[in-house]
file query_15.txt (compact mmCIF, C-alpha atoms and all ligand atoms)
# COMPACT_ATOMS: atom_id res chain seq x y z
CA MET A 6 -37.48 0.02 -70.03
CA ARG A 7 -40.88 -0.33 -68.38
CA LYS A 8 -40.97 -2.59 -65.34
CA PRO A 9 -43.69 -5.23 -65.74
CA ILE A 10 -46.62 -5.36 -63.33
CA ILE A 11 -48.50 -8.47 -62.30
CA ALA A 12 -51.62 -7.38 -60.45
CA GLY A 13 -54.13 -9.67 -58.76
CA ASN A 14 -57.72 -8.45 -58.56
CA TRP A 15 -59.43 -10.53 -55.89
CA LYS A 16 -62.82 -8.89 -56.59
CA MET A 17 -65.50 -9.65 -53.97
CA ASN A 18 -63.85 -12.81 -52.67
CA LEU A 19 -62.17 -14.15 -49.52
CA LEU A 20 -62.81 -13.61 -45.84
CA GLN A 21 -59.94 -12.23 -43.79
CA ASP A 22 -58.34 -15.57 -42.85
CA ASP A 23 -58.38 -16.79 -46.46
CA ALA A 24 -57.06 -13.45 -47.67
CA LYS A 25 -54.20 -13.64 -45.17
CA ALA A 26 -53.37 -17.23 -46.18
CA LEU A 27 -53.36 -16.37 -49.89
CA PHE A 28 -51.26 -13.29 -49.28
CA ASN A 29 -48.76 -15.33 -47.26
CA GLY A 30 -48.51 -17.87 -50.09
CA ILE A 31 -47.56 -15.08 -52.49
CA LYS A 32 -45.20 -13.46 -50.00
CA GLU A 33 -43.39 -16.77 -49.47
CA PHE A 34 -42.71 -16.91 -53.21
CA ALA A 35 -41.72 -13.24 -53.47
CA ASP A 36 -39.35 -13.60 -50.54
CA LYS A 37 -37.08 -15.81 -52.66
CA TYR A 38 -36.23 -12.75 -54.77
CA THR A 39 -35.33 -9.09 -54.42
CA ALA A 40 -37.71 -6.38 -55.66
CA VAL A 41 -35.36 -5.74 -58.57
CA GLN A 42 -35.66 -9.35 -59.78
CA LEU A 43 -39.45 -9.41 -59.52
CA PRO A 44 -42.09 -7.66 -61.61
CA SER A 45 -44.05 -5.07 -59.61
CA ILE A 46 -46.51 -7.30 -57.73
CA VAL A 47 -49.81 -5.64 -56.83
CA ILE A 48 -52.59 -7.27 -54.82
CA ALA A 49 -56.10 -5.83 -54.70
CA PRO A 50 -58.15 -7.43 -51.90
CA THR A 51 -61.59 -6.28 -50.75
CA PHE A 52 -61.74 -3.21 -48.47
CA THR A 53 -62.36 -5.52 -45.51
CA SER A 54 -59.13 -7.43 -46.09
CA LEU A 55 -56.87 -4.44 -46.76
CA SER A 56 -55.78 -4.42 -43.13
CA VAL A 57 -54.71 -8.09 -43.14
CA VAL A 58 -52.36 -7.77 -46.09
CA GLU A 59 -49.56 -5.25 -46.01
CA ASN A 60 -46.97 -3.70 -48.29
CA VAL A 61 -43.83 -5.77 -48.09
CA LYS A 62 -40.63 -3.78 -48.36
CA CYS A 63 -37.66 -5.42 -50.02
CA ASP A 64 -35.00 -6.49 -47.53
CA CYS A 65 -32.04 -5.96 -49.87
CA GLY A 66 -31.84 -2.23 -49.17
CA CYS A 67 -33.11 -1.18 -52.60
CA ALA A 68 -36.12 0.71 -51.14
CA GLY A 69 -38.42 -1.27 -53.43
CA THR A 70 -41.72 -2.82 -52.47
CA LYS A 71 -42.04 -6.51 -53.23
CA ILE A 72 -45.81 -6.63 -52.90
CA ALA A 73 -47.83 -3.44 -53.16
CA ILE A 74 -51.45 -3.19 -52.11
CA ALA A 75 -54.27 -1.83 -54.23
CA ALA A 76 -57.91 -0.98 -53.61
CA GLN A 77 -60.54 -1.97 -56.17
CA ASN A 78 -62.36 1.37 -56.10
CA CYS A 79 -62.41 4.77 -54.37
CA HIS A 80 -64.36 8.01 -54.15
CA TRP A 81 -62.81 11.20 -55.50
CA GLU A 82 -63.76 13.43 -52.57
CA THR A 83 -61.55 13.47 -49.46
CA SER A 84 -64.36 13.13 -46.93
CA GLY A 85 -67.99 14.03 -46.41
CA ALA A 86 -71.54 12.79 -46.76
CA TYR A 87 -70.98 9.93 -49.21
CA THR A 88 -72.48 6.94 -47.42
CA GLY A 89 -70.76 3.69 -48.31
CA GLU A 90 -67.77 5.28 -50.02
CA VAL A 91 -64.05 5.23 -49.21
CA SER A 92 -61.67 8.09 -50.09
CA VAL A 93 -58.18 7.97 -51.56
CA GLU A 94 -56.79 9.50 -48.38
CA MET A 95 -58.31 6.65 -46.33
CA LEU A 96 -56.84 4.08 -48.69
CA LYS A 97 -53.45 5.74 -48.52
CA ASP A 98 -53.74 5.74 -44.74
CA ILE A 99 -54.18 1.95 -44.72
CA GLY A 100 -51.17 1.43 -47.00
CA CYS A 101 -52.54 1.29 -50.55
CA GLU A 102 -50.18 2.38 -53.31
CA TYR A 103 -52.47 1.64 -56.27
CA ILE A 104 -56.23 1.91 -56.90
CA ILE A 105 -58.07 0.11 -59.70
CA ILE A 106 -60.65 2.37 -61.33
CA GLY A 107 -63.16 1.92 -64.13
CA HIS A 108 -63.25 -1.86 -64.03
CA SER A 109 -65.92 -3.09 -66.45
CA GLU A 110 -67.85 -4.66 -63.56
CA ARG A 111 -68.08 -1.24 -61.91
CA ARG A 112 -69.09 0.41 -65.18
CA GLN A 113 -71.70 -2.29 -65.83
CA TYR A 114 -73.19 -2.89 -62.36
CA PHE A 115 -72.60 0.47 -60.68
CA SER A 116 -73.04 2.82 -63.64
CA GLU A 117 -69.57 4.28 -63.40
CA THR A 118 -68.98 6.84 -66.13
CA ASP A 119 -65.83 8.08 -67.84
CA GLU A 120 -66.31 11.40 -66.05
CA MET A 121 -66.30 9.69 -62.63
CA ILE A 122 -63.23 7.68 -63.62
CA ASN A 123 -61.45 10.90 -64.61
CA LYS A 124 -62.28 12.48 -61.21
CA LYS A 125 -61.04 9.37 -59.42
CA ALA A 126 -57.79 9.32 -61.43
CA LYS A 127 -57.10 12.98 -60.57
CA SER A 128 -57.83 12.42 -56.89
CA ILE A 129 -55.57 9.32 -56.76
CA LEU A 130 -52.67 11.12 -58.44
CA ALA A 131 -53.10 14.21 -56.24
CA LYS A 132 -52.55 12.00 -53.19
CA GLY A 133 -49.46 10.38 -54.72
CA LEU A 134 -51.04 7.00 -55.45
CA ILE A 135 -51.17 5.21 -58.80
CA PRO A 136 -54.43 4.65 -60.70
CA ILE A 137 -54.90 1.43 -62.67
CA ILE A 138 -57.38 2.68 -65.26
CA CYS A 139 -59.38 -0.11 -66.90
CA CYS A 140 -60.81 0.04 -70.40
CA GLY A 141 -62.19 -2.49 -72.85
CA GLU A 142 -64.85 -3.35 -75.38
CA THR A 143 -67.88 -5.66 -75.28
CA LEU A 144 -68.24 -8.49 -77.79
CA GLU A 145 -70.93 -6.48 -79.60
CA GLN A 146 -68.57 -3.51 -79.94
CA ARG A 147 -65.80 -5.78 -81.25
CA GLU A 148 -68.14 -7.38 -83.76
CA ALA A 149 -69.35 -3.96 -84.88
CA GLY A 150 -65.73 -2.97 -85.58
CA ILE A 151 -65.69 -0.12 -83.05
CA THR A 152 -63.15 -1.56 -80.57
CA ASP A 153 -60.47 1.05 -81.23
CA SER A 154 -62.73 4.11 -81.29
CA HIS A 155 -64.55 2.98 -78.13
CA ILE A 156 -61.32 2.41 -76.19
CA ALA A 157 -59.70 5.59 -77.51
CA GLY A 158 -62.75 7.49 -76.23
CA GLN A 159 -62.52 5.86 -72.78
CA ILE A 160 -58.82 6.71 -72.49
CA LYS A 161 -59.14 10.29 -73.71
CA LYS A 162 -61.87 10.98 -71.16
CA ALA A 163 -60.07 9.20 -68.32
CA LEU A 164 -56.88 11.23 -68.90
CA GLU A 165 -58.51 14.63 -69.51
CA GLY A 166 -56.71 17.41 -67.63
CA ILE A 167 -53.98 15.13 -66.23
CA SER A 168 -50.36 16.29 -66.67
CA ALA A 169 -47.78 14.29 -68.63
CA GLU A 170 -45.80 13.82 -65.39
CA ASP A 171 -48.83 12.16 -63.76
CA ILE A 172 -49.70 10.12 -66.85
CA LYS A 173 -46.16 8.71 -66.83
CA LYS A 174 -46.75 7.20 -63.38
CA SER A 175 -50.19 5.83 -64.21
CA VAL A 176 -51.19 2.35 -65.32
CA ILE A 177 -53.82 1.35 -67.87
CA ALA A 178 -55.36 -2.12 -68.08
CA TYR A 179 -56.83 -3.20 -71.39
CA GLU A 180 -59.51 -5.76 -70.55
CA PRO A 181 -61.78 -6.95 -73.35
CA ILE A 182 -65.04 -7.58 -71.49
CA TRP A 183 -65.74 -10.79 -73.44
CA ALA A 184 -62.45 -12.22 -72.11
CA ILE A 185 -63.07 -11.47 -68.41
CA GLY A 186 -63.86 -14.58 -66.41
CA THR A 187 -64.79 -16.53 -69.54
CA GLY A 188 -61.62 -18.57 -70.07
CA LYS A 189 -61.32 -16.94 -73.52
CA THR A 190 -58.12 -14.91 -73.76
CA CYS A 191 -57.67 -12.31 -76.43
CA ASP A 192 -55.08 -13.40 -79.01
CA ALA A 193 -51.72 -12.01 -77.83
CA ASP A 194 -51.00 -10.22 -81.11
CA GLU A 195 -54.42 -8.60 -81.06
CA ALA A 196 -54.02 -7.56 -77.41
CA ASN A 197 -50.64 -6.09 -78.31
CA ARG A 198 -52.14 -4.23 -81.26
CA VAL A 199 -54.88 -2.66 -79.10
CA ILE A 200 -52.36 -1.76 -76.39
CA ALA A 201 -50.05 -0.11 -78.97
CA MET A 202 -53.12 1.82 -80.17
CA ILE A 203 -53.79 2.95 -76.58
CA ARG A 204 -50.16 4.06 -76.31
CA ASN A 205 -50.63 6.17 -79.43
CA VAL A 206 -53.74 7.75 -77.92
CA VAL A 207 -51.62 8.69 -74.88
CA ARG A 208 -49.01 10.16 -77.25
CA GLU A 209 -51.72 12.20 -78.93
CA VAL A 210 -53.38 13.57 -75.76
CA SER A 211 -50.14 13.98 -73.79
CA ASN A 212 -46.63 13.49 -75.16
CA SER A 213 -44.16 10.80 -76.28
CA GLU A 214 -42.39 10.64 -72.96
CA ALA A 215 -45.66 9.84 -71.19
CA ALA A 216 -46.66 7.33 -73.88
CA ASP A 217 -43.32 5.53 -73.61
CA ALA A 218 -43.40 5.45 -69.80
CA ILE A 219 -47.00 4.52 -68.98
CA ARG A 220 -47.45 0.85 -68.24
CA ILE A 221 -50.31 -0.82 -70.08
CA LEU A 222 -51.48 -4.24 -68.91
CA TYR A 223 -53.63 -6.90 -70.49
CA GLY A 224 -56.46 -8.49 -68.49
CA GLY A 225 -58.99 -11.19 -69.30
CA SER A 226 -58.56 -14.87 -68.40
CA VAL A 227 -54.80 -14.57 -67.91
CA LYS A 228 -53.37 -17.92 -66.80
CA PRO A 229 -49.89 -19.36 -66.18
CA SER A 230 -50.07 -20.91 -69.67
CA THR A 231 -50.85 -17.62 -71.47
CA ILE A 232 -48.60 -15.10 -69.74
CA GLU A 233 -45.29 -15.93 -71.45
CA GLU A 234 -46.61 -15.24 -74.93
CA GLN A 235 -48.43 -12.12 -73.71
CA MET A 236 -45.31 -10.77 -72.00
CA SER A 237 -43.16 -11.44 -75.07
CA LYS A 238 -45.12 -8.77 -76.98
CA SER A 239 -43.57 -5.32 -77.34
CA ASP A 240 -46.34 -3.21 -75.82
CA ILE A 241 -47.83 -5.48 -73.14
CA ASP A 242 -46.33 -4.43 -69.81
CA GLY A 243 -48.02 -6.93 -67.53
CA ALA A 244 -51.33 -8.42 -66.51
CA LEU A 245 -54.38 -7.73 -64.39
CA VAL A 246 -55.39 -11.18 -63.19
CA GLY A 247 -58.77 -12.11 -61.72
CA GLY A 248 -59.61 -15.80 -61.31
CA ALA A 249 -56.03 -17.06 -61.47
CA SER A 250 -54.99 -14.65 -58.69
CA LEU A 251 -57.19 -16.44 -56.15
CA LYS A 252 -54.78 -19.37 -55.77
CA ALA A 253 -51.18 -18.78 -54.69
CA ASP A 254 -49.89 -21.54 -56.99
CA SER A 255 -51.34 -20.12 -60.19
CA PHE A 256 -50.58 -16.49 -59.32
CA ASN A 257 -46.98 -17.34 -58.36
CA GLU A 258 -46.59 -19.30 -61.59
CA ILE A 259 -47.77 -16.25 -63.54
CA ILE A 260 -45.10 -14.19 -61.77
CA ALA A 261 -42.43 -16.85 -62.38
CA ASN A 262 -43.33 -17.14 -66.08
CA THR A 263 -43.22 -13.35 -66.41
CA MET A 264 -39.71 -13.35 -64.97
CA LYS A 265 -38.60 -15.85 -67.67
CA VAL A 266 -39.36 -13.36 -70.44
CA ALA A 267 -39.67 -9.86 -69.10
CA VAL A 268 -38.06 -8.54 -65.92
P1 LIG A 301 -60.18 -12.80 -65.05
O1 LIG A 301 -60.50 -11.31 -64.53
O2 LIG A 301 -58.67 -12.97 -65.00
O3 LIG A 301 -60.88 -13.70 -64.11
O4 LIG A 301 -60.69 -12.88 -66.45
C1 LIG A 301 -59.72 -10.21 -64.90
C2 LIG A 301 -60.27 -8.94 -64.33
O5 LIG A 301 -61.50 -8.78 -64.28
O6 LIG A 301 -59.52 -8.04 -63.91
call {"tool": "encode", "arguments": {"input": "query_15.txt", "output": "structure tokens"}}
result
Amino acid sequence: MRKPIIAGNWKMNLLQDDAKALFNGIKEFADKYTAVQLPSIVIAPTFTSLSVVENVKCDCGCAGTKIAIAAQNCHWETSGAYTGEVSVEMLKDIGCEYIIIGHSERRQYFSETDEMINKKAKSILAKGLIPIICCGETLEQREAGITDSHIAGQIKKALEGISAEDIKKSVIAYEPIWAIGTGKTCDADEANRVIAMIRNVVREVSNSEAADAIRILYGGSVKPSTIEEQMSKSDIDGALVGGASLKADSFNEIIANTMKVAV
């Protein structure tokens, strides 16, 4: 069985004090449970707040992490003349376990390509961290009926040259761009259909073991009121949450509602 993941993407929000307060609000909730009872909780603050939040180890002796930390981006090279960039090694050094790559905002505003996302994924896995590889279609692509072929192309390129062992550990987030930050969630059955399609693409480019193990999340206006239905679907393994992750109450409720149906 795949352990669900609830990941909060804080995007370019929160100064250090607010980041610390929000993190503490989530930690307070998580501390009522052991890591085994909880979904994998992943928090992705800005680079400047990575040092104020920290991986919280479970105190029950299970060696699990109750809250893991993610970065929202990275560079694929280890070091060098890349002004403004941060390497995987640096993110590992500060305690990150996951790195989000290929978010639609990075593709749209920073011209990130599938080739760059593939290099980032390889670099992340080589350092023993977990990539959260984002994919998704625009409204125009959906209306043109090319959702599946577009996403299949993104996934094939992102996973090119990556071993089945590494794919097994990876995470994919399916985020229809028209659902991000709009309040419009993708119908749960449709999200599940696309995610099952992505799983089949993984089966095709890798193998069945990798396809059955990789965790594939849904993202796009996830709220406490939508998560139960989403998590009840066979192929949806969790959520990448933007807006609703910026308040401890709503993020904790998303975790609690996930635990009702899926941990
Ligand atoms: P949203 O963002 O939950 O605010 O729609 C999701 C994301 O961009 O990861």
call {"tool": "residues_near_ligand", "arguments": {"input": "query_15.txt", "ligand": "ligand LIG 301 (chain A)", "cutoff": "7 Å", "atoms": "all atoms listed in the file", "output": "JSON, numbers by chain"}}
result
{"A": [14, 184, 185, 186, 187, 188, 224, 225, 226, 227, 245, 246, 247, 248, 249]}
call {"tool": "closest_residue", "arguments": {"input": "query_15.txt", "among": "A:Asp192, A:Glu59, A:Asp171, A:Glu82", "to": "A:Asn212", "atoms": "all atoms listed in the file"}}
result
A:Asp171
call {"tool": "residues_around", "arguments": {"input": "query_15.txt", "residues": "A:Thr152", "least_positions_apart": "2", "cutoff": "12 Å", "atoms": "all atoms listed in the file", "output": "PyMOL selection string"}}
result
chain A and resi 140-150+154-159+179-183+195-196+198-200+202-203
call {"tool": "atom_distance", "arguments": {"input": "query_15.txt", "atom1": "atom CA of A:Ile48", "atom2": "atom CA of A:Met264"}}
result
17.5 Å
call {"tool": "axis_aligned_box", "arguments": {"input": "query_15.txt", "around": "stretch 80-95 of chain A", "padding_each_side": "6 Å", "output": "JSON"}}
result
{"center_x": -64.6, "center_y": 8.9, "center_z": -50.9, "size_x": 27.7, "size_y": 22.3, "size_z": 21.2}
call {"tool": "closest_residue", "arguments": {"input": "query_15.txt", "among": "A:Ser116, A:Gln235, A:Ser84, A:Asn29", "to": "A:Asn60", "atoms": "all atoms listed in the file"}}
result
A:Asn29
call {"tool": "atom_distance", "arguments": {"input": "query_15.txt", "atom1": "atom CA of A:Val41", "atom2": "atom CA of A:Cys139"}}
result
26.0 Å
call {"tool": "residues_around", "arguments": {"input": "query_15.txt", "residues": "stretch 79-81 of chain A", "least_positions_apart": "2", "cutoff": "7 Å", "atoms": "all atoms listed in the file", "output": "JSON, numbers by chain"}}
result
{"A": [83, 90, 91, 92, 93, 124, 125, 128]}
call {"tool": "atom_distance", "arguments": {"input": "query_15.txt", "atom1": "atom CA of A:Asn205", "atom2": "atom CA of A:Thr263"}}
result
24.6 Å
call {"tool": "residues_around", "arguments": {"input": "query_15.txt", "residues": "A:Val206", "least_positions_apart": "3", "cutoff": "9 Å", "atoms": "all atoms listed in the file", "output": "list of chain:residue names"}}
result
A:Ala157, A:Ile160, A:Lys161, A:Ala201, A:Met202, A:Ile203, A:Glu209, A:Val210, A:Ser211, A:Ala216
call {"tool": "write_last_selection", "arguments": {"input": "query_15.txt", "atoms": "C-alpha atoms", "output": "PDB file, keeping the file's coordinate frame"}}
result
ATOM      1  CA  ALA A 157     -59.700   5.590 -77.510  1.00  0.00           C
ATOM      2  CA  ILE A 160     -58.820   6.710 -72.490  1.00  0.00           C
ATOM      3  CA  LYS A 161     -59.140  10.290 -73.710  1.00  0.00           C
ATOM      4  CA  ALA A 201     -50.050  -0.110 -78.970  1.00  0.00           C
ATOM      5  CA  MET A 202     -53.120   1.820 -80.170  1.00  0.00           C
ATOM      6  CA  ILE A 203     -53.790   2.950 -76.580  1.00  0.00           C
ATOM      7  CA  GLU A 209     -51.720  12.200 -78.930  1.00  0.00           C
ATOM      8  CA  VAL A 210     -53.380  13.570 -75.760  1.00  0.00           C
ATOM      9  CA  SER A 211     -50.140  13.980 -73.790  1.00  0.00           C
ATOM     10  CA  ALA A 216     -46.660   7.330 -73.880  1.00  0.00           C
TER      11      ALA A 216
END
call {"tool": "residues_around", "arguments": {"input": "query_15.txt", "residues": "A:Gly243", "least_positions_apart": "2", "cutoff": "8 Å", "atoms": "all atoms listed in the file", "output": "number ranges by chain"}}
result
A: 9-12, 220-223, 236, 241, 245
call {"tool": "residues_around", "arguments": {"input": "query_15.txt", "residues": "A:Glu214", "least_positions_apart": "4", "cutoff": "9 Å", "atoms": "all atoms listed in the file", "output": "PyMOL selection string"}}
result
chain A and resi 169-170+173+208+218-219
